[in-house]
Amino acid sequence: TFYLAEAFFHVSGVLALVVCGLYVSVNFSGCITPETQEQMHGVWELAVFMSNTVIFAFIGVGVANIAFTDFQELFEAEDLFNLCFMYIAVNVVRSIVVFVSFPMLKAKVGWRGSVLVAWGGLRGAVGLVLAFMVYRIPHVGRAQRRDFLVQTAGIVVGTLLINGFFTKNLAHYLRLDQVSDAKLIRYRSAIRIL
């Protein structure tokens, strides 16, 4: 789907995959038994983990290669200020989106979970791939390609280092790492049965 959309129809492959996934989810979800669905979930989790690992490795090598060959052009003094501003802006916008979506989220995750969702964000594999694709487009101006790559890579690194580092502390502060007494009793009961 991605390749067909990009190569033949000249539209976003990522959006084509999202639309295809939504279509399959709506029209074919009843065709799969719960047992098969559980097995598929495990397979897809592994596939996502492996894909993220490969993407981060390739993009990391690619960005490092660009950084070493075009270092003078790639990083400028104002980039650090722009990255700090963009990091704050991304977190504020993410928090606004979660706040606006809270009526839909409160039944599943509650206010504590929503705070953690706003803080956690995304790891950025898709953003890195898109930034790298834009960097490789020759008819986009070199300065715009550079800015796009630096900002995206910087936001992903900032999110991984800052948000990732403090997520465990935030989950503990929000008491999301504690198991309720009822769940603990059920877990112990299930272990005894096994």
# chains A, B, ... in the order shown; residues from 1 in each chain; ligands from 1
>>> residues_around(residues="segment 89-100 of chain A", least_positions_apart="3", cutoff="7 Å", atoms="only C-alpha atoms", output="number ranges by chain")
A: 85-86, 114, 118
>>> closest_atom_pairs(of="segment 8-82 of chain A", to="segment 154-157 of chain A", cutoff="12 Å", atoms="only C-alpha atoms", output="JSON lines")
{"residue": "A:Phe56", "atom": "CA", "partner": "A:Val156", "partner_atom": "CA", "distance": 10.5}
{"residue": "A:Ile59", "atom": "CA", "partner": "A:Val156", "partner_atom": "CA", "distance": 11.7}
{"residue": "A:Gly60", "atom": "CA", "partner": "A:Val157", "partner_atom": "CA", "distance": 10.6}
{"residue": "A:Val63", "atom": "CA", "partner": "A:Gly154", "partner_atom": "CA", "distance": 11.0}
{"residue": "A:Leu74", "atom": "CA", "partner": "A:Gly154", "partner_atom": "CA", "distance": 12.0}
{"residue": "A:Phe75", "atom": "CA", "partner": "A:Gly154", "partner_atom": "CA", "distance": 10.9}
{"residue": "A:Asp79", "atom": "CA", "partner": "A:Gly154", "partner_atom": "CA", "distance": 9.2}
{"residue": "A:Leu80", "atom": "CA", "partner": "A:Gly154", "partner_atom": "CA", "distance": 8.9}
{"residue": "A:Phe81", "atom": "CA", "partner": "A:Gly154", "partner_atom": "CA", "distance": 11.2}
{"residue": "A:Asn82", "atom": "CA", "partner": "A:Gly154", "partner_atom": "CA", "distance": 9.7}
>>> select_by_dssp(residues="chain A", states="alpha helix (DSSP H)", output="PyMOL selection string")
chain A and resi 2-7+13-28+34-69+71-74+77-100+102-105+110-120+125-135+142-158+164-173+181-193
>>> atom_distance(atom1="atom CA of His172 of chain A", atom2="atom CA of Val115 of chain A")
12.3 Å
>>> closest_residue(among="A:Ala125, A:Ala190, A:Ala57, A:Met133", to="Leu160 of chain A", atoms="only C-alpha atoms")
A:Ala125
>>> decode(residues="segment 162-181 of chain A", atoms="N, CA, C and O atoms", output="PDB file, in the first residue's frame")
ATOM      1  N   ILE A 162      14.410  13.382  27.746  1.00  0.00           N
ATOM      2  CA  ILE A 162      13.770  14.116  28.843  1.00  0.00           C
ATOM      3  C   ILE A 162      12.473  13.426  29.274  1.00  0.00           C
ATOM      4  O   ILE A 162      12.330  13.021  30.425  1.00  0.00           O
ATOM      5  N   ASN A 163      11.540  13.283  28.337  1.00  0.00           N
ATOM      6  CA  ASN A 163      10.258  12.667  28.694  1.00  0.00           C
ATOM      7  C   ASN A 163      10.455  11.220  29.113  1.00  0.00           C
ATOM      8  O   ASN A 163       9.844  10.762  30.081  1.00  0.00           O
ATOM      9  N   GLY A 164      11.289  10.494  28.382  1.00  0.00           N
ATOM     10  CA  GLY A 164      11.528   9.099  28.714  1.00  0.00           C
ATOM     11  C   GLY A 164      12.154   8.911  30.087  1.00  0.00           C
ATOM     12  O   GLY A 164      11.788   8.008  30.835  1.00  0.00           O
ATOM     13  N   PHE A 165      13.085   9.788  30.426  1.00  0.00           N
ATOM     14  CA  PHE A 165      13.769   9.681  31.714  1.00  0.00           C
ATOM     15  C   PHE A 165      12.822   9.917  32.890  1.00  0.00           C
ATOM     16  O   PHE A 165      12.900   9.241  33.909  1.00  0.00           O
ATOM     17  N   PHE A 166      11.909  10.864  32.746  1.00  0.00           N
ATOM     18  CA  PHE A 166      11.043  11.240  33.864  1.00  0.00           C
ATOM     19  C   PHE A 166       9.682  10.532  33.865  1.00  0.00           C
ATOM     20  O   PHE A 166       8.879  10.750  34.780  1.00  0.00           O
ATOM     21  N   THR A 167       9.396   9.695  32.877  1.00  0.00           N
ATOM     22  CA  THR A 167       8.092   9.035  32.812  1.00  0.00           C
ATOM     23  C   THR A 167       7.867   8.118  34.006  1.00  0.00           C
ATOM     24  O   THR A 167       6.767   8.088  34.575  1.00  0.00           O
ATOM     25  N   LYS A 168       8.876   7.365  34.412  1.00  0.00           N
ATOM     26  CA  LYS A 168       8.729   6.466  35.558  1.00  0.00           C
ATOM     27  C   LYS A 168       8.415   7.265  36.826  1.00  0.00           C
ATOM     28  O   LYS A 168       7.534   6.885  37.607  1.00  0.00           O
ATOM     29  N   ASN A 169       9.102   8.385  37.025  1.00  0.00           N
ATOM     30  CA  ASN A 169       8.845   9.228  38.197  1.00  0.00           C
ATOM     31  C   ASN A 169       7.432   9.814  38.172  1.00  0.00           C
ATOM     32  O   ASN A 169       6.767   9.875  39.202  1.00  0.00           O
ATOM     33  N   LEU A 170       7.001  10.237  36.992  1.00  0.00           N
ATOM     34  CA  LEU A 170       5.653  10.792  36.865  1.00  0.00           C
ATOM     35  C   LEU A 170       4.604   9.720  37.137  1.00  0.00           C
ATOM     36  O   LEU A 170       3.621   9.974  37.835  1.00  0.00           O
ATOM     37  N   ALA A 171       4.810   8.514  36.605  1.00  0.00           N
ATOM     38  CA  ALA A 171       3.862   7.420  36.857  1.00  0.00           C
ATOM     39  C   ALA A 171       3.797   7.095  38.344  1.00  0.00           C
ATOM     40  O   ALA A 171       2.716   6.837  38.884  1.00  0.00           O
ATOM     41  N   HIS A 172       4.936   7.134  39.013  1.00  0.00           N
ATOM     42  CA  HIS A 172       4.949   6.880  40.461  1.00  0.00           C
ATOM     43  C   HIS A 172       4.242   8.013  41.210  1.00  0.00           C
ATOM     44  O   HIS A 172       3.463   7.767  42.131  1.00  0.00           O
ATOM     45  N   TYR A 173       4.507   9.260  40.828  1.00  0.00           N
ATOM     46  CA  TYR A 173       3.866  10.415  41.478  1.00  0.00           C
ATOM     47  C   TYR A 173       2.352  10.364  41.294  1.00  0.00           C
ATOM     48  O   TYR A 173       1.602  10.690  42.214  1.00  0.00           O
ATOM     49  N   LEU A 174       1.904   9.945  40.110  1.00  0.00           N
ATOM     50  CA  LEU A 174       0.463   9.841  39.840  1.00  0.00           C
ATOM     51  C   LEU A 174      -0.139   8.549  40.376  1.00  0.00           C
ATOM     52  O   LEU A 174      -1.333   8.303  40.214  1.00  0.00           O
ATOM     53  N   ARG A 175       0.690   7.718  41.005  1.00  0.00           N
ATOM     54  CA  ARG A 175       0.284   6.437  41.585  1.00  0.00           C
ATOM     55  C   ARG A 175      -0.289   5.485  40.537  1.00  0.00           C
ATOM     56  O   ARG A 175      -1.199   4.705  40.813  1.00  0.00           O
ATOM     57  N   LEU A 176       0.270   5.539  39.336  1.00  0.00           N
ATOM     58  CA  LEU A 176      -0.146   4.628  38.286  1.00  0.00           C
ATOM     59  C   LEU A 176       0.635   3.324  38.321  1.00  0.00           C
ATOM     60  O   LEU A 176       0.308   2.387  37.603  1.00  0.00           O
ATOM     61  N   ASP A 177       1.660   3.284  39.140  1.00  0.00           N
ATOM     62  CA  ASP A 177       2.472   2.070  39.241  1.00  0.00           C
ATOM     63  C   ASP A 177       2.014   1.162  40.382  1.00  0.00           C
ATOM     64  O   ASP A 177       2.639   0.152  40.663  1.00  0.00           O
ATOM     65  N   GLN A 178       0.918   1.525  41.023  1.00  0.00           N
ATOM     66  CA  GLN A 178       0.411   0.728  42.129  1.00  0.00           C
ATOM     67  C   GLN A 178      -0.768  -0.121  41.670  1.00  0.00           C
ATOM     68  O   GLN A 178      -1.610   0.338  40.908  1.00  0.00           O
ATOM     69  N   VAL A 179      -0.805  -1.343  42.153  1.00  0.00           N
ATOM     70  CA  VAL A 179      -1.890  -2.263  41.817  1.00  0.00           C
ATOM     71  C   VAL A 179      -2.941  -2.184  42.918  1.00  0.00           C
ATOM     72  O   VAL A 179      -2.612  -2.205  44.105  1.00  0.00           O
ATOM     73  N   SER A 180      -4.208  -2.113  42.501  1.00  0.00           N
ATOM     74  CA  SER A 180      -5.285  -2.047  43.497  1.00  0.00           C
ATOM     75  C   SER A 180      -5.388  -3.373  44.247  1.00  0.00           C
ATOM     76  O   SER A 180      -4.955  -4.420  43.763  1.00  0.00           O
ATOM     77  N   ASP A 181      -5.983  -3.327  45.433  1.00  0.00           N
ATOM     78  CA  ASP A 181      -6.136  -4.531  46.251  1.00  0.00           C
ATOM     79  C   ASP A 181      -6.975  -5.588  45.536  1.00  0.00           C
ATOM     80  O   ASP A 181      -6.680  -6.787  45.608  1.00  0.00           O
TER      81      ASP A 181
END
